[in-house]
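Next comes upload.txt, a file with compact mmCIF, C-alpha atoms and all ligand atoms.
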# COMPACT_ATOMS: atom_id res chain seq x y z
CA MET B 20 9.17 -26.86 -11.62
CA SER B 21 9.29 -23.08 -11.37
CA ILE B 22 8.21 -21.32 -8.20
CA TYR B 23 5.31 -19.77 -10.07
CA SER B 24 4.16 -23.14 -11.43
CA ASN B 25 4.32 -24.49 -7.90
CA ILE B 26 2.08 -21.69 -6.67
CA VAL B 27 -0.44 -22.36 -9.43
CA SER B 28 -0.30 -26.10 -8.84
CA ALA B 29 -0.79 -25.69 -5.06
CA ILE B 30 -3.86 -23.57 -5.72
CA THR B 31 -5.26 -26.16 -8.11
CA GLN B 32 -4.93 -28.67 -5.28
CA GLN B 33 -6.71 -26.21 -2.98
CA LYS B 34 -3.64 -25.74 -0.79
CA LYS B 35 -3.21 -22.37 0.87
CA LEU B 36 0.18 -20.71 0.91
CA LEU B 37 1.88 -18.60 3.56
CA ALA B 38 4.91 -16.36 3.14
CA ILE B 39 6.90 -14.93 6.00
CA LEU B 40 8.24 -11.50 5.12
CA ILE B 41 11.69 -10.79 6.50
CA ASP B 42 12.97 -7.22 6.44
CA PRO B 43 16.78 -7.56 6.28
CA ASP B 44 17.14 -4.21 8.06
CA LYS B 45 15.31 -5.45 11.14
CA PHE B 46 16.81 -8.91 11.20
CA ASP B 47 19.57 -10.05 13.53
CA LEU B 48 21.78 -12.36 11.46
CA LYS B 49 23.05 -14.07 14.59
CA LEU B 50 19.58 -15.54 15.07
CA THR B 51 19.25 -16.92 11.53
CA SER B 52 19.74 -20.55 12.45
CA GLN B 53 17.08 -20.72 15.17
CA PHE B 54 14.76 -18.58 13.08
CA ALA B 55 15.14 -20.92 10.11
CA ASP B 56 14.41 -23.86 12.39
CA LYS B 57 11.10 -22.29 13.46
CA ILE B 58 10.22 -21.55 9.85
CA ASN B 59 10.93 -25.13 8.81
CA LYS B 60 8.66 -26.49 11.55
CA SER B 61 5.77 -24.23 10.55
CA ILE B 62 3.17 -24.18 7.78
CA ILE B 63 5.14 -21.42 6.03
CA THR B 64 5.62 -22.23 2.34
CA HIS B 65 7.61 -19.22 1.07
CA ILE B 66 10.14 -16.79 2.46
CA PHE B 67 9.84 -13.25 1.15
CA VAL B 68 12.76 -10.88 1.69
CA GLY B 69 12.46 -7.14 1.38
CA GLY B 70 11.93 -3.80 3.07
CA SER B 71 11.53 -0.10 2.47
CA ASN B 72 15.11 1.03 2.73
CA VAL B 73 17.66 -1.75 2.59
CA GLU B 74 21.15 -1.71 1.11
CA THR B 75 22.12 -4.40 -1.42
CA GLU B 76 24.75 -5.93 0.80
CA VAL B 77 22.35 -6.33 3.74
CA THR B 78 19.78 -8.17 1.61
CA HIS B 79 22.50 -10.29 0.06
CA GLN B 80 23.94 -11.28 3.46
CA LEU B 81 20.58 -12.37 4.77
CA VAL B 82 19.76 -14.37 1.64
CA SER B 83 23.10 -16.15 1.58
CA VAL B 84 23.01 -17.01 5.28
CA LEU B 85 19.39 -18.21 5.17
CA LYS B 86 19.54 -20.13 1.90
CA PRO B 87 21.44 -23.22 3.12
CA LEU B 88 19.18 -23.51 6.18
CA THR B 89 15.86 -24.12 4.42
CA ASP B 90 14.34 -25.82 1.38
CA LEU B 91 11.62 -23.18 1.06
CA PRO B 92 11.79 -20.81 -1.90
CA LEU B 93 13.44 -17.47 -1.15
CA VAL B 94 11.57 -14.77 -3.02
CA LEU B 95 12.68 -11.16 -3.20
CA PHE B 96 9.96 -8.64 -2.47
CA PRO B 97 12.06 -5.58 -3.12
CA GLY B 98 11.32 -2.04 -2.02
CA ASP B 99 13.96 -0.91 -4.49
CA VAL B 100 16.35 -2.18 -7.16
CA THR B 101 19.11 -2.12 -4.54
CA GLN B 102 17.46 -5.16 -2.94
CA ILE B 103 18.14 -7.60 -5.75
CA SER B 104 20.28 -10.51 -4.60
CA LYS B 105 21.35 -13.12 -7.12
CA ASP B 106 21.36 -15.83 -4.44
CA ALA B 107 17.59 -15.76 -3.99
CA ASP B 108 15.35 -18.04 -6.06
CA ALA B 109 12.88 -15.59 -7.49
CA ILE B 110 11.79 -11.97 -7.49
CA LEU B 111 8.34 -10.47 -7.41
CA PHE B 112 8.71 -8.00 -10.26
CA LEU B 113 6.33 -5.45 -8.85
CA SER B 114 4.45 -2.74 -10.65
CA LEU B 115 2.38 -0.41 -8.48
CA ILE B 116 -0.73 -0.56 -10.63
CA SER B 117 -2.98 1.22 -8.11
CA GLY B 118 -0.91 4.36 -8.66
CA SER B 119 -0.22 6.54 -11.65
CA TYR B 120 3.37 7.41 -10.85
CA PRO B 121 5.65 6.31 -13.75
CA LYS B 122 8.60 5.73 -11.43
CA TYR B 123 6.90 2.72 -9.80
CA LEU B 124 4.87 1.61 -12.81
CA ILE B 125 7.78 1.22 -15.23
CA GLU B 126 10.88 3.33 -14.51
CA LYS B 127 12.25 1.29 -11.58
CA GLN B 128 11.55 -1.86 -13.59
CA ILE B 129 13.65 -0.52 -16.47
CA GLU B 130 16.42 0.24 -13.99
CA ALA B 131 16.24 -3.35 -12.71
CA VAL B 132 16.80 -4.98 -16.11
CA SER B 133 20.57 -4.61 -16.24
CA ILE B 134 20.86 -5.97 -12.69
CA LEU B 135 18.57 -8.94 -13.41
CA LYS B 136 20.58 -9.83 -16.52
CA ASN B 137 23.40 -10.91 -14.23
CA THR B 138 21.24 -13.24 -12.17
CA ASN B 139 19.29 -16.45 -12.67
CA LEU B 140 16.35 -15.23 -10.63
CA GLU B 141 12.90 -16.37 -11.70
CA VAL B 142 11.08 -13.15 -12.47
CA ILE B 143 7.40 -13.17 -11.48
CA SER B 144 5.44 -10.23 -12.81
CA THR B 145 3.22 -8.94 -10.02
CA GLY B 146 0.54 -6.24 -10.00
CA TYR B 147 0.83 -4.46 -6.67
CA ILE B 148 -2.28 -2.74 -5.33
CA LEU B 149 -2.24 -0.49 -2.28
CA ILE B 150 -5.41 -0.54 -0.21
CA LYS B 151 -6.18 2.30 2.17
CA ASN B 152 -5.98 1.35 5.83
CA GLY B 153 -6.71 4.55 7.67
CA ARG B 154 -3.38 6.31 7.91
CA GLU B 155 -0.58 7.46 5.64
CA THR B 156 2.09 4.80 5.29
CA ILE B 157 5.76 4.68 4.42
CA VAL B 158 4.93 3.00 1.09
CA GLN B 159 2.61 5.88 0.29
CA LYS B 160 5.29 8.44 1.16
CA VAL B 161 8.06 6.68 -0.74
CA THR B 162 5.96 6.02 -3.84
CA ASP B 163 4.00 9.28 -3.72
CA THR B 164 0.90 7.18 -4.40
CA LYS B 165 -2.53 7.27 -2.83
CA PRO B 166 -3.95 3.87 -1.88
CA ILE B 167 -7.40 2.94 -3.14
CA PRO B 168 -10.12 3.57 -0.52
CA THR B 169 -11.77 0.36 0.67
CA ALA B 170 -15.23 1.72 -0.18
CA ILE B 171 -14.50 1.57 -3.91
CA HIS B 172 -14.68 -2.21 -4.32
CA GLN B 173 -15.23 -2.09 -8.06
CA LEU B 174 -12.16 0.07 -8.66
CA ILE B 175 -9.99 -2.34 -6.68
CA ALA B 176 -11.40 -5.38 -8.53
CA ASP B 177 -11.05 -3.67 -11.92
CA THR B 178 -7.47 -2.65 -11.12
CA ALA B 179 -6.65 -6.26 -10.26
CA LYS B 180 -8.33 -7.53 -13.43
CA ALA B 181 -6.54 -4.91 -15.54
CA GLY B 182 -3.29 -6.21 -14.05
CA GLU B 183 -4.21 -9.73 -15.10
CA LEU B 184 -5.15 -8.60 -18.61
CA LEU B 185 -1.84 -6.78 -18.88
CA GLY B 186 -0.12 -10.11 -18.28
CA LYS B 187 0.75 -9.93 -14.58
CA LYS B 188 1.10 -13.42 -13.11
CA LEU B 189 0.12 -12.48 -9.57
CA ILE B 190 -1.96 -9.78 -7.93
CA TYR B 191 -0.88 -8.51 -4.49
CA LEU B 192 -3.46 -6.68 -2.37
CA GLU B 193 -1.42 -4.72 0.15
CA ALA B 194 -2.58 -2.97 3.31
CA VAL B 195 1.14 -2.37 4.03
CA SER B 196 3.37 -3.67 6.75
CA GLY B 197 2.10 -3.03 10.25
CA ALA B 198 -1.33 -1.93 9.04
CA ILE B 199 -3.86 -1.57 11.84
CA HIS B 200 -6.53 -3.20 9.68
CA PRO B 201 -5.77 -5.91 7.13
CA VAL B 202 -7.38 -5.80 3.68
CA PRO B 203 -11.12 -6.21 4.42
CA LEU B 204 -12.43 -9.72 3.77
CA GLU B 205 -15.22 -8.51 1.52
CA ILE B 206 -12.62 -6.85 -0.72
CA ILE B 207 -10.55 -10.03 -0.95
CA ASN B 208 -13.72 -11.90 -1.83
CA PHE B 209 -14.88 -9.34 -4.38
CA VAL B 210 -11.51 -9.16 -6.14
CA LYS B 211 -11.13 -12.95 -6.20
CA GLN B 212 -14.50 -13.54 -7.90
CA ASP B 213 -13.34 -12.12 -11.21
CA LEU B 214 -9.64 -12.93 -11.06
CA ASP B 215 -8.03 -15.86 -12.88
CA ILE B 216 -4.52 -15.54 -11.48
CA PRO B 217 -3.28 -16.19 -7.92
CA LEU B 218 -4.15 -13.57 -5.31
CA ILE B 219 -1.65 -12.51 -2.64
CA VAL B 220 -2.88 -10.60 0.41
CA GLY B 221 -0.71 -8.91 3.03
CA GLY B 222 -0.46 -6.24 5.65
CA GLY B 223 -1.75 -6.19 9.23
CA ILE B 224 -2.53 -9.90 9.59
CA ARG B 225 -1.52 -10.81 13.14
CA SER B 226 -3.49 -13.88 14.21
CA LYS B 227 -4.23 -17.39 13.00
CA LYS B 228 -7.89 -16.45 12.77
CA GLN B 229 -7.16 -13.47 10.52
CA LEU B 230 -4.99 -15.76 8.39
CA ASP B 231 -7.74 -18.37 8.06
CA ASP B 232 -10.34 -15.69 7.35
CA ALA B 233 -8.18 -14.26 4.55
CA TYR B 234 -7.91 -17.74 3.03
CA LYS B 235 -11.66 -18.30 3.30
CA ALA B 236 -12.29 -14.96 1.64
CA GLY B 237 -10.17 -16.02 -1.34
CA ALA B 238 -6.52 -15.23 -0.65
CA ASP B 239 -4.28 -17.87 -2.21
CA LEU B 240 -1.07 -16.71 -0.56
CA VAL B 241 -0.92 -14.59 2.59
CA VAL B 242 2.14 -12.56 3.55
CA ILE B 243 2.91 -11.92 7.22
CA GLY B 244 5.88 -10.00 8.59
CA THR B 245 5.13 -7.88 11.65
CA ALA B 246 3.39 -10.65 13.64
CA PHE B 247 6.62 -12.68 13.56
CA GLU B 248 8.66 -9.65 14.61
CA GLU B 249 6.38 -8.61 17.46
CA ASN B 250 5.10 -11.92 18.77
CA GLU B 251 7.50 -14.82 19.31
CA ASP B 252 4.52 -17.06 20.03
CA PHE B 253 3.10 -16.62 16.55
CA PHE B 254 5.32 -19.45 15.29
CA ASN B 255 3.61 -21.77 17.81
CA GLN B 256 0.21 -20.90 16.38
CA ILE B 257 1.24 -21.97 12.89
CA LYS B 258 3.21 -25.13 13.60
CA LYS B 259 2.89 -27.95 11.09
C1 LIG B 301 3.96 -6.03 3.92
O1 LIG B 301 2.15 -7.37 3.34
C2 LIG B 301 3.35 -7.38 4.02
O2 LIG B 301 4.31 -5.71 2.64
C3 LIG B 301 3.27 -7.89 5.43
O3 LIG B 301 2.66 -6.98 6.31
O4 LIG B 301 4.20 -6.81 8.27
O5 LIG B 301 1.79 -6.21 8.49
O6 LIG B 301 2.47 -8.58 8.23
P1 LIG B 301 2.77 -7.18 7.91
Output the file's structure as structure tokens, nothing else.
Amino acid sequence: MSIYSNIVSAITQQKKLLAILIDPDKFDLKLTSQFADKINKSIITHIFVGGSNVETEVTHQLVSVLKPLTDLPLVLFPGDVTQISKDADAILFLSLISGSYPKYLIEKQIEAVSILKNTNLEVISTGYILIKNGRETIVQKVTDTKPIPTAIHQLIADTAKAGELLGKKLIYLEAVSGAIHPVPLEIINFVKQDLDIPLIVGGGIRSKKQLDDAYKAGADLVVIGTAFEENEDFFNQIKK
């Protein structure tokens, strides 16, 4: 079964999914084995790999070292086409639909085609929506895109729905890595009400309670990176 079908089937069975986001640039490869062990003993269901500025070789090294140590799907969440590693299982093929900058709506995707042709990666079309969290972020700077203010619920929900109608298979509501405030629960709830494809939520989620609240609000898959980097104990909070 494809990774996407598994996501859909888990949701049908009312299972909630959790992805750990690993930034290859911040990861110490020497610790891969013990890190993989903690992942395997947790409720984590997916491993996302990606960052803002990572060279191909660094992503590739991490993926190839991690791959034999876990049965969980390794999914690329690339900040750029340079982060495509053929050894991963799938790639979130992101389009920044909250912005109007052609480079991140379609041009980078065109650039990726010739690289993807030489891989067997499962390509999962994903509408990526930046939500404002109070300060300018690296994603904003890199993509030259303004996030949608949280006050405009309808615009966020309509953007997500437009993504679905365009054929995206997933919608990702992103407060960005290290965000002070995660995507507000009422926004998750509002977007989810009218959406018929799986909803991913990430950015700024640092506690088990915030994770559970995001699920209750309607997130199908939550992505957490910083909490694992900053707080060793976080793995203990999400043990199987
Ligand atoms: C970033 O949504 C992810 O793209 C995860 O964010 O690092 O804040 O958990 P955090």
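Using only C-alpha atoms, the residues found no farther than 12 Å from Phe46 of chain B, other than those of its own chain fewer than 2 positions away, are Leu40, Ile41, Asp42, Pro43, Asp44, Leu48, Lys49, Leu50, Thr51, Phe54, Val68, Gly69, Gly70, Val73, Val77, Thr78, Gln80, Leu81, Val82, Val84, Leu85, Gly244, Thr245, Phe247 and Glu248 of chain B.
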Counting all atoms listed in the file, note down every residue that has an atom within 7 Å of the point (-3.8, 2.2, -2.3) (file coordinates), as a ChimeraX atom specification. /B:117,148-151,165-168
With all atoms listed in the file as the basis for distance, which of B:Asp239, B:Glu126, B:Glu76, B:Asp90 is at the shortest distance from Lys105 of chain B?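 Between B:Asp239, B:Glu126, B:Glu76, B:Asp90, the residue approaching Lys105 of chain B most closely is B:Glu76.
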When the cut-off is 8 Å and you count all atoms listed in the file, which residues lie near ligand LIG 301 (chain B), shown as a PyMOL selection string? chain B and resi 39-40+70+193-198+201+220-225+241-247
For Asp177 of chain B, the closest of B:Lys86, B:Lys211, B:Lys227, B:Lys235 counting all atoms listed in the file is B:Lys211
With only C-alpha atoms as the counted atoms, please give the residues lying no more than 6 Å from Asn208 of chain B, apart from itself and same-chain residues fewer than 2 positions off, as a list in words. Glu205, Ile206, Val210, Lys211, Ala236 and Gly237 of chain B
Here is a test: counting all atoms listed in the file, which residue of B:Lys228, B:Leu204, B:Thr164, B:Glu141 is nearest to Met20 of chain B?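 That would be B:Glu141, the residue with the smallest distance to Met20 of chain B.
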What does the distance from atom CA of Ser24 of chain B to atom CA of Ile63 of chain B come to in Å, to one decimal? 17.6 Å
Please compute the atom CA of Leu174 of chain B-atom CA of Thr156 of chain B distance, one decimal, in Å.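 Spanning atom CA of Leu174 of chain B to atom CA of Thr156 of chain B is a straight-line distance of 20.5 Å.
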Pick from B:His65, B:Lys34, B:Lys180, B:His200 nearest to Ala107 of chain B, counting all atoms listed in the file: B:His65
I'd like the interatomic distance between atom CA of Gly118 of chain B and atom CA of Gly98 of chain B, to a tenth of an Å. 15.3 Å
Determine the axis-aligned bounding box of all atoms of segment 118-134 of chain B present in the file, pad each side by 4 Å, and express its centre and edge lengths in Å to one decimal place as AutoDock Vina command-line options.
--center_x 10.0 --center_y 0.7 --center_z -12.6 --size_x 29.8 --size_y 21.4 --size_z 15.8
